[in-house]
Amino acid sequence: MESGKMLYEGKAKRMFETGDPEILLIEYKNSLTAFNAQKKAEMEGKGRYNTLISAWLFGYLSEKGIPSHFLKLVDDNHQLVRKVQILPIEVVVRNITTGTLCKRLGVPEGMRLPRPLVEFYLKDDALGDPLITDDHALLFNWASPEEIKSMKEKSLAVNEVLGDLFRGKGIILVDFKLEFGRDSEGNVLLADEISPDTCRFWDATTGERLDKDRFRKDLGDVLGAYREIWKRLSGKEE
Ligand code: ADP
Ligand code: UDP
């Protein structure tokens with residue numbers, strides 16, 4: 001794949017222009033970051049698993065009627081996606097309490113919530129991605145009322161589809177983060193990535209953490225967890 005100028009380098013990915021102004025090439029890096037990039041590491045092979053897992057999940061969501069920016073897998077580290085204007089909001093959906101929710105509110109870890117909790121965070125690394133309300137998003141023009149409604153509905157739909165998918169693979173979908181963008185017609189489109197970097201996955205039998213918490217909490221064998229998620233999705237032994 002001929003890639004053009006690099007438009008952006010983030011913590012986990014690089015975005016390149018292509019010959020088509022509507023299409024971007026994403027390169028997944030091997031970098032791992034946590035706690036607003038205060039903790040960093042490089043892990044050979046991580047970018048490949050996230051590329052493959054994210055492409056697989058976006059393909060699955062599309063089959064289930066949830067479209068996204070994903071167009072095509074180019075190779076083990078690159079995807080073509082539809083270029084969107086990313087809304088400055090990270091949507092987190094939680095099924096089980098853990099992570100910053102417990103730290104912030106003092107609620108116990110590991111509680112299954114009576115229904116999924118949807119939270120908005122402002123996408124701003126310098127501010128540490130603070131939790132915001134719908135009203136902040138509206139009043140500061142980060143999203144319109146229709147966009148807020150659409151992001152919530154789509155996030156809950158993703159939770160349903162992926163929750164069922166992972167349950168069938170012996171994995172509990174604990175929580176995850178989504179990003180959305182505006183496409184050229186102004187529609188809200190699911191974007192960015194869905195991978196063990198952006199989701200929490202617990203083995204349904206053993207409770208083993210199969211996601212970036214292995215890195216956050218120094219649990220060891222981070223790559224093995226990502227490999228396990230890919231194995232359960234693809235059915236391929238590596
Ligand atoms: P970060 O910016 O948090 O360090 P990444 O390293 O994952 O994150 O960088 C990818 C960047 O590309 C993110 O800012 C993300 O919002 C943005 N992005 C994801 N999908 C698209 C898309 N389809 N069009 C434009 N930008 C996108
Ligand atoms: N998450 C993410 N990017 C972020 C913050 C959170 O992908 O910048 C994901 C995280 O992997 C988890 C969920 O969103 O699946 C909820 O994360 P939490 O708020 O508990 O924060 P964290 O512990 O990741 O800092």
# chains A, B, ... in the order shown; residues from 1 in each chain; ligands from 1

call {"tool": "residues_near_ligand", "arguments": {"ligand": "ligand 2", "cutoff": "7 Å", "atoms": "only C-alpha atoms and all ligand atoms", "output": "ChimeraX atom specification"}}
result
/A:34-35,92,98-101,129,175-177,197-200,212

call {"tool": "residues_near_ligand", "arguments": {"ligand": "ligand 1", "cutoff": "6 Å", "atoms": "only C-alpha atoms and all ligand atoms", "output": "PyMOL selection string"}}
result
chain A and resi 10-13+69+81-86+191-192

call {"tool": "write_last_selection", "arguments": {"atoms": "N, CA, C and O atoms", "output": "PDB file, in the first residue's frame"}}
result
ATOM      1  N   GLY A  10      -0.177   9.323  17.146  1.00  0.00           N
ATOM      2  CA  GLY A  10      -0.710   9.270  18.505  1.00  0.00           C
ATOM      3  C   GLY A  10       0.057   8.280  19.348  1.00  0.00           C
ATOM      4  O   GLY A  10       1.155   7.846  18.981  1.00  0.00           O
ATOM      5  N   LYS A  11      -0.525   7.908  20.486  1.00  0.00           N
ATOM      6  CA  LYS A  11       0.151   7.004  21.412  1.00  0.00           C
ATOM      7  C   LYS A  11       0.177   5.577  20.859  1.00  0.00           C
ATOM      8  O   LYS A  11       1.111   4.844  21.119  1.00  0.00           O
ATOM      9  N   ALA A  12      -0.864   5.203  20.111  1.00  0.00           N
ATOM     10  CA  ALA A  12      -0.978   3.810  19.665  1.00  0.00           C
ATOM     11  C   ALA A  12      -1.006   3.631  18.154  1.00  0.00           C
ATOM     12  O   ALA A  12      -0.862   2.511  17.668  1.00  0.00           O
ATOM     13  N   LYS A  13      -1.217   4.742  17.422  1.00  0.00           N
ATOM     14  CA  LYS A  13      -1.377   4.613  15.973  1.00  0.00           C
ATOM     15  C   LYS A  13      -0.777   5.810  15.238  1.00  0.00           C
ATOM     16  O   LYS A  13      -0.625   6.883  15.824  1.00  0.00           O
ATOM     17  N   HIS A  69     -16.048   3.198  10.555  1.00  0.00           N
ATOM     18  CA  HIS A  69     -15.109   3.792   9.589  1.00  0.00           C
ATOM     19  C   HIS A  69     -14.292   2.720   8.857  1.00  0.00           C
ATOM     20  O   HIS A  69     -13.684   2.998   7.831  1.00  0.00           O
ATOM     21  N   VAL A  81      -9.416   3.212   6.428  1.00  0.00           N
ATOM     22  CA  VAL A  81     -10.663   3.630   7.091  1.00  0.00           C
ATOM     23  C   VAL A  81     -11.199   4.893   6.417  1.00  0.00           C
ATOM     24  O   VAL A  81     -10.458   5.621   5.756  1.00  0.00           O
ATOM     25  N   ARG A  82     -12.487   5.114   6.608  1.00  0.00           N
ATOM     26  CA  ARG A  82     -13.101   6.346   6.128  1.00  0.00           C
ATOM     27  C   ARG A  82     -12.673   7.488   7.045  1.00  0.00           C
ATOM     28  O   ARG A  82     -12.744   7.355   8.266  1.00  0.00           O
ATOM     29  N   LYS A  83     -12.227   8.584   6.441  1.00  0.00           N
ATOM     30  CA  LYS A  83     -11.800   9.731   7.263  1.00  0.00           C
ATOM     31  C   LYS A  83     -13.035  10.413   7.860  1.00  0.00           C
ATOM     32  O   LYS A  83     -14.006  10.652   7.142  1.00  0.00           O
ATOM     33  N   VAL A  84     -12.986  10.666   9.150  1.00  0.00           N
ATOM     34  CA  VAL A  84     -14.085  11.388   9.805  1.00  0.00           C
ATOM     35  C   VAL A  84     -13.508  12.507  10.657  1.00  0.00           C
ATOM     36  O   VAL A  84     -12.303  12.554  10.916  1.00  0.00           O
ATOM     37  N   GLN A  85     -14.425  13.395  11.092  1.00  0.00           N
ATOM     38  CA  GLN A  85     -14.020  14.438  12.041  1.00  0.00           C
ATOM     39  C   GLN A  85     -14.371  13.894  13.425  1.00  0.00           C
ATOM     40  O   GLN A  85     -15.542  13.759  13.774  1.00  0.00           O
ATOM     41  N   ILE A  86     -13.334  13.496  14.155  1.00  0.00           N
ATOM     42  CA  ILE A  86     -13.571  12.831  15.445  1.00  0.00           C
ATOM     43  C   ILE A  86     -14.223  13.804  16.437  1.00  0.00           C
ATOM     44  O   ILE A  86     -13.756  14.935  16.606  1.00  0.00           O
ATOM     45  N   ALA A 191     -15.710   4.970  15.042  1.00  0.00           N
ATOM     46  CA  ALA A 191     -14.352   5.094  14.474  1.00  0.00           C
ATOM     47  C   ALA A 191     -13.306   4.534  15.446  1.00  0.00           C
ATOM     48  O   ALA A 191     -13.625   3.747  16.338  1.00  0.00           O
ATOM     49  N   ASP A 192     -12.087   4.911  15.216  1.00  0.00           N
ATOM     50  CA  ASP A 192     -10.918   4.534  16.030  1.00  0.00           C
ATOM     51  C   ASP A 192     -10.726   3.014  16.076  1.00  0.00           C
ATOM     52  O   ASP A 192     -10.678   2.388  15.023  1.00  0.00           O
TER      53      ASP A 192
END

call {"tool": "residues_around", "arguments": {"residues": "Asn50 in chain A", "least_positions_apart": "6", "cutoff": "8 Å", "atoms": "only C-alpha atoms", "output": "PDB file with N, CA and C atoms, in the first residue's frame"}}
result
ATOM      1  N   TYR A  28      -0.887   0.604  13.124  1.00  0.00           N
ATOM      2  CA  TYR A  28      -0.929   0.315  14.563  1.00  0.00           C
ATOM      3  C   TYR A  28       0.494   0.130  15.075  1.00  0.00           C
ATOM      4  N   ILE A 194     -11.245  -0.995  18.348  1.00  0.00           N
ATOM      5  CA  ILE A 194     -11.817  -1.798  19.445  1.00  0.00           C
ATOM      6  C   ILE A 194     -10.871  -2.977  19.620  1.00  0.00           C
ATOM      7  N   SER A 195     -10.170  -3.001  20.734  1.00  0.00           N
ATOM      8  CA  SER A 195      -9.081  -3.975  20.904  1.00  0.00           C
ATOM      9  C   SER A 195      -8.835  -4.185  22.397  1.00  0.00           C
ATOM     10  N   PRO A 196      -7.915  -5.082  22.754  1.00  0.00           N
ATOM     11  CA  PRO A 196      -7.605  -5.243  24.190  1.00  0.00           C
ATOM     12  C   PRO A 196      -6.979  -3.982  24.814  1.00  0.00           C
ATOM     13  N   ASP A 197      -6.564  -3.016  23.974  1.00  0.00           N
ATOM     14  CA  ASP A 197      -6.114  -1.723  24.519  1.00  0.00           C
ATOM     15  C   ASP A 197      -7.291  -0.886  25.011  1.00  0.00           C
ATOM     16  N   TYR A 226      -3.349 -10.760  24.529  1.00  0.00           N
ATOM     17  CA  TYR A 226      -3.823 -10.262  23.236  1.00  0.00           C
ATOM     18  C   TYR A 226      -3.918 -11.435  22.244  1.00  0.00           C
TER      19      TYR A 226
END

call {"tool": "closest_atom_pairs", "arguments": {"of": "range 165-185 of chain A", "to": "range 143-157 of chain A", "cutoff": "10 Å", "atoms": "only C-alpha atoms", "output": "tab-separated table"}}
result
residue	atom	partner	partner_atom	distance
A:Phe176	CA	A:Ser155	CA	9.5
A:Lys177	CA	A:Ser155	CA	8.9
A:Leu178	CA	A:Ser155	CA	7.3
A:Glu179	CA	A:Met151	CA	8.7
A:Phe180	CA	A:Met151	CA	7.1
A:Gly181	CA	A:Glu147	CA	9.5
A:Arg182	CA	A:Glu147	CA	9.0

call {"tool": "write_last_selection", "arguments": {"atoms": "N, CA, C and O atoms", "output": "compact mmCIF listing (two decimals), in the first residue's frame"}}
result
# COMPACT_ATOMS: atom_id res chain seq x y z
N PHE A 176 -15.53 -0.88 27.97
CA PHE A 176 -14.78 -0.51 26.77
C PHE A 176 -14.99 0.96 26.44
O PHE A 176 -15.93 1.59 26.96
N LYS A 177 -14.11 1.48 25.58
CA LYS A 177 -14.18 2.88 25.15
C LYS A 177 -14.38 2.94 23.64
O LYS A 177 -13.74 2.19 22.90
N LEU A 178 -15.27 3.81 23.21
CA LEU A 178 -15.48 4.01 21.77
C LEU A 178 -15.24 5.47 21.40
O LEU A 178 -15.39 6.37 22.24
N GLU A 179 -14.88 5.69 20.14
CA GLU A 179 -14.82 7.05 19.59
C GLU A 179 -15.71 7.11 18.36
O GLU A 179 -15.86 6.11 17.64
N PHE A 180 -16.28 8.28 18.14
CA PHE A 180 -17.15 8.49 16.99
C PHE A 180 -16.69 9.72 16.22
O PHE A 180 -16.07 10.62 16.79
N GLY A 181 -17.05 9.75 14.92
CA GLY A 181 -16.72 10.93 14.12
C GLY A 181 -17.88 11.30 13.22
O GLY A 181 -18.84 10.53 13.08
N ARG A 182 -17.77 12.51 12.65
CA ARG A 182 -18.75 12.93 11.65
C ARG A 182 -18.19 12.60 10.28
O ARG A 182 -17.05 12.98 9.97

call {"tool": "residues_around", "arguments": {"residues": "range 220-224 of chain A", "least_positions_apart": "4", "cutoff": "10 Å", "atoms": "only C-alpha atoms", "output": "ChimeraX atom specification"}}
result
/A:32,43-46,49,196,209-216,228-230

call {"tool": "select_by_dssp", "arguments": {"residues": "range 51-199 of chain A", "states": "helix (DSSP H, G or I)", "output": "ChimeraX atom specification"}}
result
/A:51-63,99-105,125-127,134-139,145-167

call {"tool": "residues_around", "arguments": {"residues": "Thr18 in chain A", "least_positions_apart": "5", "cutoff": "7 Å", "atoms": "only C-alpha atoms", "output": "MDAnalysis selection string"}}
result
chainID A and resid 3:4 23:25

call {"tool": "closest_residue", "arguments": {"among": "A:Ile66, A:Pro116, A:Asp164, A:Leu122", "to": "Phe140 in chain A", "atoms": "only C-alpha atoms"}}
result
A:Leu122

call {"tool": "atom_distance", "arguments": {"atom1": "CA of Ser31 in chain A", "atom2": "CA of Arg167 in chain A"}}
result
28.5 Å

call {"tool": "residues_around", "arguments": {"residues": "Lys123 in chain A", "least_positions_apart": "6", "cutoff": "8 Å", "atoms": "only C-alpha atoms", "output": "list in words"}}
result
Pro88, Ile89, Glu90, Asp129 and Pro130 of chain A

call {"tool": "select_by_dssp", "arguments": {"residues": "range 156-200 of chain A", "states": "strand (DSSP E)", "output": "number ranges by chain"}}
result
A: 171-182, 188-191, 199-200

call {"tool": "write_last_selection", "arguments": {"atoms": "N, CA and C atoms", "output": "short mmCIF file (atom, residue, chain, number, x, y, z; two decimals), in the first residue's frame"}}
result
data_model
loop_
_atom_site.label_atom_id
_atom_site.label_comp_id
_atom_site.auth_asym_id
_atom_site.auth_seq_id
_atom_site.Cartn_x
_atom_site.Cartn_y
_atom_site.Cartn_z
N ILE A 171 -15.73 -15.26 27.34
CA ILE A 171 -15.11 -14.01 27.82
C ILE A 171 -16.19 -13.03 28.26
N ILE A 172 -15.95 -12.38 29.40
CA ILE A 172 -16.87 -11.33 29.88
C ILE A 172 -16.37 -9.98 29.35
N LEU A 173 -17.26 -9.26 28.67
CA LEU A 173 -16.95 -7.89 28.23
C LEU A 173 -17.27 -6.97 29.41
N VAL A 174 -16.23 -6.54 30.10
CA VAL A 174 -16.38 -5.78 31.35
C VAL A 174 -16.71 -4.32 31.07
N ASP A 175 -15.86 -3.69 30.26
CA ASP A 175 -16.09 -2.30 29.84
C ASP A 175 -15.27 -2.01 28.60
N PHE A 176 -15.53 -0.88 27.97
CA PHE A 176 -14.78 -0.51 26.77
C PHE A 176 -14.99 0.96 26.44
N LYS A 177 -14.11 1.48 25.58
CA LYS A 177 -14.18 2.88 25.15
C LYS A 177 -14.38 2.94 23.64
N LEU A 178 -15.27 3.81 23.21
CA LEU A 178 -15.48 4.01 21.77
C LEU A 178 -15.24 5.47 21.40
N GLU A 179 -14.88 5.69 20.14
CA GLU A 179 -14.82 7.05 19.59
C GLU A 179 -15.71 7.11 18.36
N PHE A 180 -16.28 8.28 18.14
CA PHE A 180 -17.15 8.49 16.99
C PHE A 180 -16.69 9.72 16.22
N GLY A 181 -17.05 9.75 14.92
CA GLY A 181 -16.72 10.93 14.12
C GLY A 181 -17.88 11.30 13.22
N ARG A 182 -17.77 12.51 12.65
CA ARG A 182 -18.75 12.93 11.65
C ARG A 182 -18.19 12.60 10.28
N VAL A 188 -23.08 10.41 12.23
CA VAL A 188 -22.18 9.93 13.29
C VAL A 188 -21.75 8.50 12.96
N LEU A 189 -20.44 8.30 12.87
CA LEU A 189 -19.90 6.99 12.49
C LEU A 189 -18.93 6.51 13.57
N LEU A 190 -19.07 5.23 13.93
CA LEU A 190 -18.14 4.60 14.87
C LEU A 190 -16.74 4.60 14.25
N ALA A 191 -15.71 4.97 15.04
CA ALA A 191 -14.35 5.09 14.47
C ALA A 191 -13.31 4.53 15.45
N CYS A 199 -10.62 -2.19 25.64
CA CYS A 199 -11.70 -2.95 26.30
C CYS A 199 -11.11 -3.67 27.51
N ARG A 200 -11.97 -4.05 28.44
CA ARG A 200 -11.55 -5.01 29.47
C ARG A 200 -12.26 -6.33 29.20
#

call {"tool": "residues_around", "arguments": {"residues": "Met15 in chain A", "least_positions_apart": "2", "cutoff": "8 Å", "atoms": "only C-alpha atoms", "output": "PyMOL selection string"}}
result
chain A and resi 6-9+13+17+24-27

call {"tool": "write_last_selection", "arguments": {"atoms": "C-alpha atoms", "output": "compact mmCIF listing (two decimals), in the first residue's frame"}}
result
# COMPACT_ATOMS: atom_id res chain seq x y z
CA MET A 6 1.72 11.26 7.92
CA LEU A 7 -1.10 13.39 9.32
CA TYR A 8 -0.86 12.43 12.97
CA GLU A 9 1.11 10.25 15.33
CA LYS A 13 -1.38 4.61 15.97
CA GLU A 17 -3.07 10.28 3.84
CA LEU A 24 -6.95 7.26 5.72
CA LEU A 25 -4.34 4.57 6.28
CA ILE A 26 -3.90 3.60 9.93
CA GLU A 27 -0.70 2.01 11.18

call {"tool": "closest_residue", "arguments": {"among": "A:Leu233, A:Ala225, A:Ala37, A:Leu162", "to": "Gly128 in chain A", "atoms": "only C-alpha atoms"}}
result
A:Ala37

call {"tool": "closest_residue", "arguments": {"among": "A:Lys217, A:Arg14, A:Lys40, A:Lys169", "to": "Phe201 in chain A", "atoms": "only C-alpha atoms"}}
result
A:Lys169

call {"tool": "atom_distance", "arguments": {"atom1": "CA of Val158 in chain A", "atom2": "CA of Lys64 in chain A"}}
result
9.4 Å

call {"tool": "closest_residue", "arguments": {"among": "A:Leu139, A:Leu127, A:Leu61, A:Leu113", "to": "Asn95 in chain A", "atoms": "only C-alpha atoms"}}
result
A:Leu113

call {"tool": "closest_residue", "arguments": {"among": "A:Pro21, A:Phe16, A:Pro67, A:Ala137", "to": "Gln79 in chain A", "atoms": "only C-alpha atoms"}}
result
A:Phe16

call {"tool": "atom_distance", "arguments": {"atom1": "CA of Met111 in chain A", "atom2": "CA of Asp203 in chain A"}}
result
15.7 Å

call {"tool": "closest_residue", "arguments": {"among": "A:Ser54, A:Thr97, A:Asn141, A:Ser62", "to": "Asp76 in chain A", "atoms": "only C-alpha atoms"}}
result
A:Ser54

call {"tool": "decode", "arguments": {"residues": "range 199-231 of chain A", "atoms": "N, CA, C and O atoms", "output": "PDB file, in the first residue's frame"}}
result
ATOM      1  N   CYS A 199     -10.621  -2.186  25.637  1.00  0.00           N
ATOM      2  CA  CYS A 199     -11.698  -2.954  26.299  1.00  0.00           C
ATOM      3  C   CYS A 199     -11.113  -3.674  27.506  1.00  0.00           C
ATOM      4  O   CYS A 199      -9.913  -3.933  27.550  1.00  0.00           O
ATOM      5  N   ARG A 200     -11.972  -4.051  28.437  1.00  0.00           N
ATOM      6  CA  ARG A 200     -11.546  -5.010  29.467  1.00  0.00           C
ATOM      7  C   ARG A 200     -12.260  -6.326  29.204  1.00  0.00           C
ATOM      8  O   ARG A 200     -13.492  -6.360  29.067  1.00  0.00           O
ATOM      9  N   PHE A 201     -11.458  -7.388  29.124  1.00  0.00           N
ATOM     10  CA  PHE A 201     -11.960  -8.735  28.882  1.00  0.00           C
ATOM     11  C   PHE A 201     -11.524  -9.622  30.046  1.00  0.00           C
ATOM     12  O   PHE A 201     -10.329  -9.675  30.352  1.00  0.00           O
ATOM     13  N   TRP A 202     -12.493 -10.326  30.668  1.00  0.00           N
ATOM     14  CA  TRP A 202     -12.143 -11.281  31.735  1.00  0.00           C
ATOM     15  C   TRP A 202     -12.539 -12.672  31.268  1.00  0.00           C
ATOM     16  O   TRP A 202     -13.665 -12.859  30.765  1.00  0.00           O
ATOM     17  N   ASP A 203     -11.653 -13.632  31.466  1.00  0.00           N
ATOM     18  CA  ASP A 203     -12.017 -15.012  31.160  1.00  0.00           C
ATOM     19  C   ASP A 203     -13.187 -15.410  32.060  1.00  0.00           C
ATOM     20  O   ASP A 203     -13.135 -15.224  33.277  1.00  0.00           O
ATOM     21  N   ALA A 204     -14.251 -15.969  31.442  1.00  0.00           N
ATOM     22  CA  ALA A 204     -15.485 -16.244  32.190  1.00  0.00           C
ATOM     23  C   ALA A 204     -15.293 -17.343  33.235  1.00  0.00           C
ATOM     24  O   ALA A 204     -15.996 -17.373  34.243  1.00  0.00           O
ATOM     25  N   THR A 205     -14.329 -18.238  33.023  1.00  0.00           N
ATOM     26  CA  THR A 205     -14.117 -19.350  33.953  1.00  0.00           C
ATOM     27  C   THR A 205     -13.106 -18.986  35.036  1.00  0.00           C
ATOM     28  O   THR A 205     -13.358 -19.180  36.225  1.00  0.00           O
ATOM     29  N   THR A 206     -11.961 -18.442  34.609  1.00  0.00           N
ATOM     30  CA  THR A 206     -10.865 -18.232  35.563  1.00  0.00           C
ATOM     31  C   THR A 206     -10.807 -16.794  36.096  1.00  0.00           C
ATOM     32  O   THR A 206     -10.116 -16.533  37.081  1.00  0.00           O
ATOM     33  N   GLY A 207     -11.474 -15.867  35.418  1.00  0.00           N
ATOM     34  CA  GLY A 207     -11.384 -14.457  35.805  1.00  0.00           C
ATOM     35  C   GLY A 207     -10.099 -13.789  35.337  1.00  0.00           C
ATOM     36  O   GLY A 207      -9.852 -12.615  35.620  1.00  0.00           O
ATOM     37  N   GLU A 208      -9.274 -14.566  34.608  1.00  0.00           N
ATOM     38  CA  GLU A 208      -7.997 -14.025  34.134  1.00  0.00           C
ATOM     39  C   GLU A 208      -8.216 -12.775  33.281  1.00  0.00           C
ATOM     40  O   GLU A 208      -9.133 -12.735  32.469  1.00  0.00           O
ATOM     41  N   ARG A 209      -7.378 -11.769  33.474  1.00  0.00           N
ATOM     42  CA  ARG A 209      -7.458 -10.526  32.699  1.00  0.00           C
ATOM     43  C   ARG A 209      -6.817 -10.751  31.344  1.00  0.00           C
ATOM     44  O   ARG A 209      -5.645 -11.162  31.275  1.00  0.00           O
ATOM     45  N   LEU A 210      -7.576 -10.455  30.287  1.00  0.00           N
ATOM     46  CA  LEU A 210      -7.076 -10.690  28.922  1.00  0.00           C
ATOM     47  C   LEU A 210      -7.039  -9.374  28.140  1.00  0.00           C
ATOM     48  O   LEU A 210      -7.535  -9.301  27.015  1.00  0.00           O
ATOM     49  N   ASP A 211      -6.455  -8.340  28.736  1.00  0.00           N
ATOM     50  CA  ASP A 211      -6.470  -7.002  28.132  1.00  0.00           C
ATOM     51  C   ASP A 211      -5.336  -6.160  28.702  1.00  0.00           C
ATOM     52  O   ASP A 211      -4.486  -6.675  29.420  1.00  0.00           O
ATOM     53  N   LYS A 212      -5.392  -4.853  28.433  1.00  0.00           N
ATOM     54  CA  LYS A 212      -4.298  -3.956  28.829  1.00  0.00           C
ATOM     55  C   LYS A 212      -4.126  -3.834  30.339  1.00  0.00           C
ATOM     56  O   LYS A 212      -3.091  -3.332  30.802  1.00  0.00           O
ATOM     57  N   ASP A 213      -5.068  -4.309  31.130  1.00  0.00           N
ATOM     58  CA  ASP A 213      -4.859  -4.328  32.586  1.00  0.00           C
ATOM     59  C   ASP A 213      -3.635  -5.159  32.952  1.00  0.00           C
ATOM     60  O   ASP A 213      -3.019  -4.922  33.998  1.00  0.00           O
ATOM     61  N   ARG A 214      -3.261  -6.129  32.098  1.00  0.00           N
ATOM     62  CA  ARG A 214      -2.047  -6.923  32.378  1.00  0.00           C
ATOM     63  C   ARG A 214      -0.824  -6.009  32.388  1.00  0.00           C
ATOM     64  O   ARG A 214       0.124  -6.237  33.143  1.00  0.00           O
ATOM     65  N   PHE A 215      -0.861  -4.966  31.537  1.00  0.00           N
ATOM     66  CA  PHE A 215       0.225  -3.977  31.497  1.00  0.00           C
ATOM     67  C   PHE A 215       0.050  -2.957  32.627  1.00  0.00           C
ATOM     68  O   PHE A 215       0.997  -2.689  33.374  1.00  0.00           O
ATOM     69  N   ARG A 216      -1.194  -2.426  32.768  1.00  0.00           N
ATOM     70  CA  ARG A 216      -1.435  -1.408  33.810  1.00  0.00           C
ATOM     71  C   ARG A 216      -1.007  -1.917  35.179  1.00  0.00           C
ATOM     72  O   ARG A 216      -0.406  -1.204  35.964  1.00  0.00           O
ATOM     73  N   LYS A 217      -1.323  -3.189  35.480  1.00  0.00           N
ATOM     74  CA  LYS A 217      -1.122  -3.741  36.829  1.00  0.00           C
ATOM     75  C   LYS A 217       0.077  -4.668  36.918  1.00  0.00           C
ATOM     76  O   LYS A 217       0.188  -5.427  37.897  1.00  0.00           O
ATOM     77  N   ASP A 218       0.930  -4.686  35.887  1.00  0.00           N
ATOM     78  CA  ASP A 218       2.129  -5.548  35.876  1.00  0.00           C
ATOM     79  C   ASP A 218       1.795  -7.007  36.163  1.00  0.00           C
ATOM     80  O   ASP A 218       2.435  -7.655  37.005  1.00  0.00           O
ATOM     81  N   LEU A 219       0.791  -7.542  35.453  1.00  0.00           N
ATOM     82  CA  LEU A 219       0.391  -8.941  35.684  1.00  0.00           C
ATOM     83  C   LEU A 219       1.207  -9.923  34.849  1.00  0.00           C
ATOM     84  O   LEU A 219       1.072 -11.141  35.024  1.00  0.00           O
ATOM     85  N   GLY A 220       2.020  -9.396  33.919  1.00  0.00           N
ATOM     86  CA  GLY A 220       2.868 -10.268  33.093  1.00  0.00           C
ATOM     87  C   GLY A 220       2.143 -10.800  31.870  1.00  0.00           C
ATOM     88  O   GLY A 220       0.915 -10.756  31.786  1.00  0.00           O
ATOM     89  N   ASP A 221       2.925 -11.323  30.921  1.00  0.00           N
ATOM     90  CA  ASP A 221       2.440 -11.919  29.671  1.00  0.00           C
ATOM     91  C   ASP A 221       1.317 -11.112  29.005  1.00  0.00           C
ATOM     92  O   ASP A 221       0.236 -11.649  28.715  1.00  0.00           O
ATOM     93  N   VAL A 222       1.610  -9.840  28.758  1.00  0.00           N
ATOM     94  CA  VAL A 222       0.626  -8.955  28.108  1.00  0.00           C
ATOM     95  C   VAL A 222       0.303  -9.491  26.712  1.00  0.00           C
ATOM     96  O   VAL A 222      -0.867  -9.643  26.345  1.00  0.00           O
ATOM     97  N   LEU A 223       1.369  -9.822  25.958  1.00  0.00           N
ATOM     98  CA  LEU A 223       1.146 -10.259  24.573  1.00  0.00           C
ATOM     99  C   LEU A 223       0.322 -11.551  24.516  1.00  0.00           C
ATOM    100  O   LEU A 223      -0.515 -11.722  23.631  1.00  0.00           O
ATOM    101  N   GLY A 224       0.548 -12.431  25.500  1.00  0.00           N
ATOM    102  CA  GLY A 224      -0.195 -13.695  25.566  1.00  0.00           C
ATOM    103  C   GLY A 224      -1.699 -13.453  25.683  1.00  0.00           C
ATOM    104  O   GLY A 224      -2.506 -14.196  25.113  1.00  0.00           O
ATOM    105  N   ALA A 225      -2.079 -12.402  26.406  1.00  0.00           N
ATOM    106  CA  ALA A 225      -3.504 -12.086  26.569  1.00  0.00           C
ATOM    107  C   ALA A 225      -4.095 -11.616  25.240  1.00  0.00           C
ATOM    108  O   ALA A 225      -5.195 -12.023  24.861  1.00  0.00           O
ATOM    109  N   TYR A 226      -3.349 -10.760  24.529  1.00  0.00           N
ATOM    110  CA  TYR A 226      -3.823 -10.262  23.236  1.00  0.00           C
ATOM    111  C   TYR A 226      -3.918 -11.435  22.244  1.00  0.00           C
ATOM    112  O   TYR A 226      -4.871 -11.540  21.471  1.00  0.00           O
ATOM    113  N   ARG A 227      -2.926 -12.333  22.301  1.00  0.00           N
ATOM    114  CA  ARG A 227      -2.926 -13.509  21.420  1.00  0.00           C
ATOM    115  C   ARG A 227      -4.159 -14.377  21.711  1.00  0.00           C
ATOM    116  O   ARG A 227      -4.802 -14.882  20.796  1.00  0.00           O
ATOM    117  N   GLU A 228      -4.489 -14.527  22.989  1.00  0.00           N
ATOM    118  CA  GLU A 228      -5.638 -15.351  23.384  1.00  0.00           C
ATOM    119  C   GLU A 228      -6.951 -14.769  22.842  1.00  0.00           C
ATOM    120  O   GLU A 228      -7.814 -15.514  22.365  1.00  0.00           O
ATOM    121  N   ILE A 229      -7.082 -13.445  22.913  1.00  0.00           N
ATOM    122  CA  ILE A 229      -8.299 -12.809  22.366  1.00  0.00           C
ATOM    123  C   ILE A 229      -8.371 -13.075  20.865  1.00  0.00           C
ATOM    124  O   ILE A 229      -9.423 -13.461  20.336  1.00  0.00           O
ATOM    125  N   TRP A 230      -7.243 -12.916  20.167  1.00  0.00           N
ATOM    126  CA  TRP A 230      -7.235 -13.156  18.715  1.00  0.00           C
ATOM    127  C   TRP A 230      -7.564 -14.622  18.405  1.00  0.00           C
ATOM    128  O   TRP A 230      -8.326 -14.933  17.503  1.00  0.00           O
ATOM    129  N   LYS A 231      -6.997 -15.529  19.212  1.00  0.00           N
ATOM    130  CA  LYS A 231      -7.248 -16.961  19.010  1.00  0.00           C
ATOM    131  C   LYS A 231      -8.736 -17.284  19.176  1.00  0.00           C
ATOM    132  O   LYS A 231      -9.330 -17.993  18.365  1.00  0.00           O
TER     133      LYS A 231
END
